[in-house]
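Next comes work05.pdb, a file with PDB, C-alpha atoms, pLDDT in the B column.
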```
ATOM      1  CA  MET A 504     -76.564  28.474 -31.882  1.00 56.00           C
ATOM      2  CA  THR A 505     -75.811  25.767 -34.426  1.00 62.00           C
ATOM      3  CA  LEU A 506     -78.296  24.321 -36.867  1.00 60.00           C
ATOM      4  CA  GLN A 507     -78.319  21.073 -34.862  1.00 69.00           C
ATOM      5  CA  ASP A 508     -79.110  23.053 -31.687  1.00 71.00           C
ATOM      6  CA  ALA A 509     -82.301  24.229 -33.387  1.00 70.00           C
ATOM      7  CA  LEU A 510     -83.401  20.613 -33.866  1.00 70.00           C
ATOM      8  CA  ALA A 511     -82.575  19.812 -30.240  1.00 70.00           C
ATOM      9  CA  ARG A 512     -84.893  22.618 -29.040  1.00 70.00           C
ATOM     10  CA  MET A 513     -87.898  21.356 -30.976  1.00 70.00           C
ATOM     11  CA  PRO A 514     -90.733  19.697 -29.038  1.00 67.00           C
ATOM     12  CA  HIS A 515     -90.374  16.556 -31.180  1.00 69.00           C
ATOM     13  CA  LYS A 516     -88.179  13.987 -29.462  1.00 71.00           C
ATOM     14  CA  GLY A 517     -86.999  10.475 -30.172  1.00 75.00           C
ATOM     15  CA  ALA A 518     -88.452   8.771 -33.213  1.00 81.00           C
ATOM     16  CA  MET A 519     -90.929  11.602 -33.830  1.00 84.00           C
ATOM     17  CA  LEU A 520     -88.122  14.034 -34.640  1.00 86.00           C
ATOM     18  CA  LEU A 521     -88.219  13.160 -38.321  1.00 91.00           C
ATOM     19  CA  LEU A 522     -85.592  15.653 -39.470  1.00 91.00           C
ATOM     20  CA  GLU A 523     -82.067  14.308 -39.463  1.00 89.00           C
ATOM     21  CA  ARG A 524     -80.249  17.537 -40.142  1.00 89.00           C
ATOM     22  CA  ILE A 525     -80.559  21.087 -41.351  1.00 91.00           C
ATOM     23  CA  VAL A 526     -78.553  21.537 -44.537  1.00 93.00           C
ATOM     24  CA  GLU A 527     -79.052  25.257 -45.026  1.00 93.00           C
ATOM     25  CA  ALA A 528     -81.015  28.084 -43.442  1.00 93.00           C
ATOM     26  CA  ASP A 529     -81.243  31.848 -43.566  1.00 94.00           C
ATOM     27  CA  GLU A 530     -83.694  34.432 -42.213  1.00 92.00           C
ATOM     28  CA  THR A 531     -86.474  33.388 -44.609  1.00 95.00           C
ATOM     29  CA  MET A 532     -85.942  29.719 -45.549  1.00 97.00           C
ATOM     30  CA  ILE A 533     -84.743  26.348 -44.331  1.00 95.00           C
ATOM     31  CA  PHE A 534     -83.687  23.158 -46.140  1.00 96.00           C
ATOM     32  CA  CYS A 535     -83.621  19.894 -44.151  1.00 95.00           C
ATOM     33  CA  LEU A 536     -82.955  16.205 -44.761  1.00 95.00           C
ATOM     34  CA  ALA A 537     -85.174  13.626 -43.071  1.00 93.00           C
ATOM     35  CA  HIS A 538     -84.436  10.302 -41.418  1.00 86.00           C
ATOM     36  CA  ASP A 539     -84.796   7.229 -43.637  1.00 87.00           C
ATOM     37  CA  HIS A 540     -88.501   6.774 -44.376  1.00 92.00           C
ATOM     38  CA  SER A 541     -88.049   3.237 -45.741  1.00 90.00           C
ATOM     39  CA  HIS A 542     -87.563   1.618 -42.321  1.00 89.00           C
ATOM     40  CA  PRO A 543     -90.507  -0.563 -41.260  1.00 90.00           C
ATOM     41  CA  ASP A 544     -90.697   1.238 -37.892  1.00 91.00           C
ATOM     42  CA  TYR A 545     -90.804   4.765 -39.394  1.00 91.00           C
ATOM     43  CA  PRO A 546     -93.299   6.539 -37.112  1.00 92.00           C
ATOM     44  CA  LEU A 547     -95.532   7.870 -39.922  1.00 93.00           C
ATOM     45  CA  ARG A 548     -96.316   4.391 -41.233  1.00 93.00           C
ATOM     46  CA  ILE A 549     -99.864   3.133 -40.786  1.00 92.00           C
ATOM     47  CA  GLU A 550    -100.174  -0.655 -40.879  1.00 92.00           C
ATOM     48  CA  GLY A 551     -96.810  -0.795 -42.642  1.00 92.00           C
ATOM     49  CA  ARG A 552     -97.651   1.751 -45.356  1.00 92.00           C
ATOM     50  CA  LEU A 553     -96.381   5.289 -45.758  1.00 93.00           C
ATOM     51  CA  MET A 554     -99.088   7.479 -47.228  1.00 92.00           C
ATOM     52  CA  ALA A 555     -97.676  10.626 -48.806  1.00 91.00           C
ATOM     53  CA  VAL A 556    -100.166  12.876 -47.012  1.00 93.00           C
ATOM     54  CA  CYS A 557     -98.427  11.963 -43.740  1.00 92.00           C
ATOM     55  CA  LEU A 558     -95.294  13.663 -45.050  1.00 95.00           C
ATOM     56  CA  VAL A 559     -96.823  17.076 -44.319  1.00 95.00           C
ATOM     57  CA  GLU A 560     -95.325  16.457 -40.861  1.00 94.00           C
ATOM     58  CA  LEU A 561     -91.866  16.893 -42.393  1.00 95.00           C
ATOM     59  CA  GLY A 562     -92.854  20.269 -43.793  1.00 95.00           C
ATOM     60  CA  ALA A 563     -94.313  21.318 -40.446  1.00 93.00           C
ATOM     61  CA  GLN A 564     -91.150  20.217 -38.639  1.00 92.00           C
ATOM     62  CA  ALA A 565     -88.996  22.187 -41.087  1.00 93.00           C
ATOM     63  CA  ALA A 566     -91.099  25.287 -40.353  1.00 91.00           C
ATOM     64  CA  ALA A 567     -90.798  24.678 -36.597  1.00 87.00           C
ATOM     65  CA  ALA A 568     -87.020  24.264 -36.921  1.00 88.00           C
ATOM     66  CA  HIS A 569     -86.817  27.583 -38.756  1.00 89.00           C
ATOM     67  CA  ALA A 570     -88.899  29.254 -36.046  1.00 85.00           C
ATOM     68  CA  SER A 571     -86.511  27.800 -33.454  1.00 82.00           C
ATOM     69  CA  LEU A 572     -83.567  29.364 -35.269  1.00 84.00           C
ATOM     70  CA  TYR A 573     -85.074  32.714 -36.174  1.00 80.00           C
ATOM     71  CA  GLY A 574     -87.863  33.290 -33.634  1.00 72.00           C
ATOM     72  CA  GLU A 575     -88.385  36.916 -32.708  1.00 60.00           C
ATOM     73  CA  GLY A 576     -88.573  38.294 -29.185  1.00 54.00           C
ATOM     74  CA  GLY A 577     -87.774  34.945 -27.562  1.00 51.00           C
ATOM     75  CA  HIS A 578     -90.761  33.233 -29.225  1.00 47.00           C
ATOM     76  CA  ARG A 579     -88.995  30.186 -30.531  1.00 61.00           C
ATOM     77  CA  ALA A 580     -91.343  27.223 -30.124  1.00 62.00           C
ATOM     78  CA  GLY A 581     -93.719  26.787 -33.050  1.00 62.00           C
ATOM     79  CA  LEU A 582     -96.712  24.488 -32.549  1.00 70.00           C
ATOM     80  CA  LEU A 583     -98.746  23.483 -35.596  1.00 74.00           C
ATOM     81  CA  LEU A 584    -102.210  25.067 -35.593  1.00 81.00           C
ATOM     82  CA  ALA A 585    -103.428  24.454 -39.124  1.00 89.00           C
ATOM     83  CA  LEU A 586    -102.543  23.417 -42.644  1.00 93.00           C
ATOM     84  CA  GLN A 587    -103.780  25.210 -45.756  1.00 94.00           C
ATOM     85  CA  GLY A 588    -103.721  24.437 -49.443  1.00 95.00           C
ATOM     86  CA  VAL A 589    -102.107  21.033 -49.023  1.00 96.00           C
ATOM     87  CA  GLU A 590    -101.471  19.298 -52.332  1.00 96.00           C
ATOM     88  CA  VAL A 591    -100.498  15.624 -52.393  1.00 95.00           C
ATOM     89  CA  LEU A 592     -98.808  15.064 -55.734  1.00 94.00           C
ATOM     90  CA  TYR A 593     -98.060  11.339 -55.230  1.00 87.00           C
ATOM     91  CA  ASN A 594    -100.211   9.169 -52.957  1.00 82.00           C
ATOM     92  CA  ASP A 595     -97.709   6.464 -52.099  1.00 86.00           C
ATOM     93  CA  GLY A 596     -94.849   7.652 -49.873  1.00 87.00           C
ATOM     94  CA  ASP A 597     -93.218   4.227 -50.205  1.00 82.00           C
ATOM     95  CA  CYS A 598     -92.361   5.084 -53.825  1.00 83.00           C
ATOM     96  CA  ALA A 599     -90.109   7.960 -52.730  1.00 87.00           C
ATOM     97  CA  VAL A 600     -86.602   7.591 -54.136  1.00 86.00           C
ATOM     98  CA  GLY A 601     -83.664   8.307 -51.848  1.00 86.00           C
ATOM     99  CA  PRO A 602     -83.692  10.659 -48.880  1.00 92.00           C
ATOM    100  CA  LEU A 603     -86.606  12.997 -48.298  1.00 95.00           C
ATOM    101  CA  GLU A 604     -86.012  16.745 -48.290  1.00 97.00           C
ATOM    102  CA  ALA A 605     -88.186  19.275 -46.480  1.00 97.00           C
ATOM    103  CA  ARG A 606     -88.073  22.969 -47.269  1.00 98.00           C
ATOM    104  CA  ALA A 607     -89.980  25.791 -45.604  1.00 97.00           C
ATOM    105  CA  GLN A 608     -90.212  29.458 -46.547  1.00 98.00           C
ATOM    106  CA  ARG A 609     -91.321  32.011 -43.945  1.00 95.00           C
ATOM    107  CA  LEU A 610     -94.274  34.046 -45.200  1.00 96.00           C
ATOM    108  CA  TYR A 611     -95.178  35.820 -41.942  1.00 91.00           C
ATOM    109  CA  PHE A 612     -93.836  35.891 -38.390  1.00 86.00           C
ATOM    110  CA  ASP A 613     -94.674  37.755 -35.189  1.00 81.00           C
ATOM    111  CA  ASP A 614     -94.623  36.938 -31.484  1.00 75.00           C
ATOM    112  CA  SER A 615     -97.939  35.070 -31.622  1.00 77.00           C
ATOM    113  CA  GLY A 616     -97.862  33.206 -34.896  1.00 82.00           C
ATOM    114  CA  ALA A 617     -96.060  32.292 -38.076  1.00 86.00           C
ATOM    115  CA  ARG A 618     -97.000  31.143 -41.547  1.00 93.00           C
ATOM    116  CA  TYR A 619     -94.723  29.044 -43.760  1.00 95.00           C
ATOM    117  CA  SER A 620     -95.045  27.527 -47.204  1.00 98.00           C
ATOM    118  CA  PHE A 621     -93.420  24.105 -47.377  1.00 98.00           C
ATOM    119  CA  ASP A 622     -92.670  21.276 -49.733  1.00 98.00           C
ATOM    120  CA  VAL A 623     -91.395  17.743 -49.288  1.00 97.00           C
ATOM    121  CA  ARG A 624     -89.634  15.985 -52.100  1.00 96.00           C
ATOM    122  CA  ASP A 625     -87.495  12.981 -52.848  1.00 94.00           C
ATOM    123  CA  ARG A 626     -84.513  12.836 -55.170  1.00 90.00           C
ATOM    124  CA  THR A 627     -86.701  13.043 -58.285  1.00 90.00           C
ATOM    125  CA  ARG A 628     -89.944  14.904 -57.546  1.00 94.00           C
ATOM    126  CA  GLU A 629     -92.077  16.990 -55.254  1.00 96.00           C
ATOM    127  CA  ILE A 630     -94.428  14.803 -53.190  1.00 95.00           C
ATOM    128  CA  VAL A 631     -96.472  17.177 -51.036  1.00 96.00           C
ATOM    129  CA  ARG A 632     -96.709  20.939 -50.513  1.00 97.00           C
ATOM    130  CA  GLY A 633     -98.796  23.425 -48.612  1.00 97.00           C
ATOM    131  CA  VAL A 634     -98.850  26.078 -45.921  1.00 97.00           C
ATOM    132  CA  ALA A 635     -98.320  25.523 -42.200  1.00 94.00           C
ATOM    133  CA  ILE A 636     -99.649  27.965 -39.616  1.00 92.00           C
ATOM    134  CA  LEU A 637     -97.812  27.893 -36.296  1.00 86.00           C
ATOM    135  CA  LYS A 638     -98.668  29.276 -32.874  1.00 82.00           C
ATOM    136  CA  MET A 639     -95.522  30.761 -31.394  1.00 72.00           C
ATOM    137  CA  GLN A 640     -94.652  30.275 -27.730  1.00 68.00           C
ATOM    138  CA  ALA A 641     -91.781  31.580 -25.693  1.00 65.00           C
ATOM    139  CA  GLY A 642     -88.953  29.073 -25.601  1.00 57.00           C
ATOM    140  CA  GLU A 643     -85.503  28.787 -24.142  1.00 51.00           C
ATOM    141  CA  VAL A 644     -82.874  30.850 -25.864  1.00 39.00           C
TER     142      VAL A 644
END
```
Exercise: express the given structure as structure tokens:
Amino acid sequence: MTLQDALARMPHKGAMLLLERIVEADETMIFCLAHDHSHPDYPLRIEGRLMAVCLVELGAQAAAAHASLYGEGGHRAGLLLALQGVEVLYNDGDCAVGPLEARAQRLYFDDSGARYSFDVRDRTREIVRGVAILKMQAGEV
């Protein structure tokens, strides 16, 4: 399976698949680039504004992409159950410079659930970070 195949298997489709590509991944981490957040029709915008807290979705999608690549026992679809310890370091997502990067680090994984730390950053700084807890479901191989 290629890195792009992992994105294709995610439940997010169309405009809600916010990750453009996976740059690097191994058994414990993933590094992704996101689609251009500056477009007026970016799906996380609310009344034209991009609040940085909404960018946790990028971290969750990076974790789900990693689960798609490295799921154990055929459990390859990760659905977001909860977020923990989310820190929003900059409130205004519109101030992000350049492309957004999402990274996730696997902390725990079994056939029923997974836990990932994540961060989302722009070219100059970290914007949001936290922990995503996923419920794992069997998915196509």
### Message
Which residue is closest to A:Gly596? Choose from A:Leu522, A:Cys535, A:Ile549, A:Ile630 and count only C-alpha atoms.
### Response
A:Ile630
### Query
Taking into account only C-alpha atoms, which residue in the set A:Arg632, A:Leu561, A:Ala605, A:Leu610 is nearest to A:Tyr593?
A:Arg632
Sorted by chain and rising residue number, list the residues of stretch 540-592 of chain A at most 10 Å from stretch 615-626 of chain A (counting only C-alpha atoms), each with its closest atom pair and distance in Å to one decimal, as JSON lines.
```
{"residue": "A:Ala555", "atom": "CA", "partner": "A:Val623", "partner_atom": "CA", "distance": 9.5}
{"residue": "A:Leu558", "atom": "CA", "partner": "A:Val623", "partner_atom": "CA", "distance": 7.1}
{"residue": "A:Val559", "atom": "CA", "partner": "A:Val623", "partner_atom": "CA", "distance": 7.4}
{"residue": "A:Glu560", "atom": "CA", "partner": "A:Val623", "partner_atom": "CA", "distance": 9.4}
{"residue": "A:Leu561", "atom": "CA", "partner": "A:Val623", "partner_atom": "CA", "distance": 7.0}
{"residue": "A:Gly562", "atom": "CA", "partner": "A:Phe621", "partner_atom": "CA", "distance": 5.3}
{"residue": "A:Ala563", "atom": "CA", "partner": "A:Phe621", "partner_atom": "CA", "distance": 7.5}
{"residue": "A:Gln564", "atom": "CA", "partner": "A:Phe621", "partner_atom": "CA", "distance": 9.8}
{"residue": "A:Ala565", "atom": "CA", "partner": "A:Phe621", "partner_atom": "CA", "distance": 7.9}
{"residue": "A:Ala566", "atom": "CA", "partner": "A:Tyr619", "partner_atom": "CA", "distance": 6.2}
{"residue": "A:Ala567", "atom": "CA", "partner": "A:Tyr619", "partner_atom": "CA", "distance": 9.3}
{"residue": "A:His569", "atom": "CA", "partner": "A:Tyr619", "partner_atom": "CA", "distance": 9.5}
{"residue": "A:Ala570", "atom": "CA", "partner": "A:Ala617", "partner_atom": "CA", "distance": 8.0}
{"residue": "A:Gly574", "atom": "CA", "partner": "A:Ala617", "partner_atom": "CA", "distance": 9.4}
{"residue": "A:Glu575", "atom": "CA", "partner": "A:Ser615", "partner_atom": "CA", "distance": 9.8}
{"residue": "A:His578", "atom": "CA", "partner": "A:Ser615", "partner_atom": "CA", "distance": 7.8}
{"residue": "A:Gly581", "atom": "CA", "partner": "A:Ala617", "partner_atom": "CA", "distance": 7.8}
{"residue": "A:Leu582", "atom": "CA", "partner": "A:Gly616", "partner_atom": "CA", "distance": 9.1}
{"residue": "A:Leu583", "atom": "CA", "partner": "A:Ala617", "partner_atom": "CA", "distance": 9.5}
{"residue": "A:Leu584", "atom": "CA", "partner": "A:Gly616", "partner_atom": "CA", "distance": 9.3}
{"residue": "A:Ala585", "atom": "CA", "partner": "A:Arg618", "partner_atom": "CA", "distance": 9.6}
{"residue": "A:Leu586", "atom": "CA", "partner": "A:Arg618", "partner_atom": "CA", "distance": 9.6}
{"residue": "A:Gln587", "atom": "CA", "partner": "A:Ser620", "partner_atom": "CA", "distance": 9.2}
{"residue": "A:Gly588", "atom": "CA", "partner": "A:Ser620", "partner_atom": "CA", "distance": 9.5}
{"residue": "A:Val589", "atom": "CA", "partner": "A:Phe621", "partner_atom": "CA", "distance": 9.4}
{"residue": "A:Glu590", "atom": "CA", "partner": "A:Asp622", "partner_atom": "CA", "distance": 9.4}
{"residue": "A:Val591", "atom": "CA", "partner": "A:Val623", "partner_atom": "CA", "distance": 9.8}
{"residue": "A:Leu592", "atom": "CA", "partner": "A:Arg624", "partner_atom": "CA", "distance": 9.9}
```
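Restricting the calculation to all atoms listed in the file, the smallest distance between A:His542 and any of A:Ala518, A:Glu604, A:Val631, A:Arg512 is found for A:Ala518.
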### Selection as a list in words: residues within 12 Å of (-97.6, 5.7, -43.1), counting all atoms listed in the file
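Residues lying no farther than 12 Å from the given point: His540, Ser541, His542, Pro543, Asp544, Tyr545, Pro546, Leu547, Arg548, Ile549, Glu550, Gly551, Arg552, Leu553, Met554, Ala555, Val556, Cys557, Leu558, Val559, Glu560, Asn594, Asp595, Gly596, Asp597 and Cys598 of chain A.
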### Task
Using all atoms listed in the file, give me every residue within 9 Å of (-82.7, 25.3, -43.0) in file coordinates, as a ChimeraX atom specification.
/A:506,524-529,532-535,565-566,568-569,572,605-607
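For the residues A:Pro602, A:Thr627, A:Ser571, A:Tyr611, ranking by smallest atom-to-atom distance to A:Met513 using all atoms listed in the file places A:Ser571 first.
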### Distance in Å - atom CA of A:Leu520 versus atom CA of A:Ala635
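So the answer is 17.1 Å.
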### Task
Return the single residue from A:Val600, A:Arg628, A:Ala511, A:Gly517 that is closest to A:Asp539, with distances computed using only C-alpha atoms.
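Ranking A:Val600, A:Arg628, A:Ala511, A:Gly517 by distance to A:Asp539, first place goes to A:Val600.
Taking atom CA of A:Gly601 and atom CA of A:Thr531 as endpoints, the distance between them is 26.3 Å.
Atom CA of A:Asp613 to atom CA of A:Tyr573 spans 10.9 Å [interatomic distance, one decimal].
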#### Entry: Proximity to A:His538 - best of A:Met639, A:Leu510, A:Leu603, A:Val634, all atoms listed in the file
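Smallest distance to A:His538 is found for A:Leu603.
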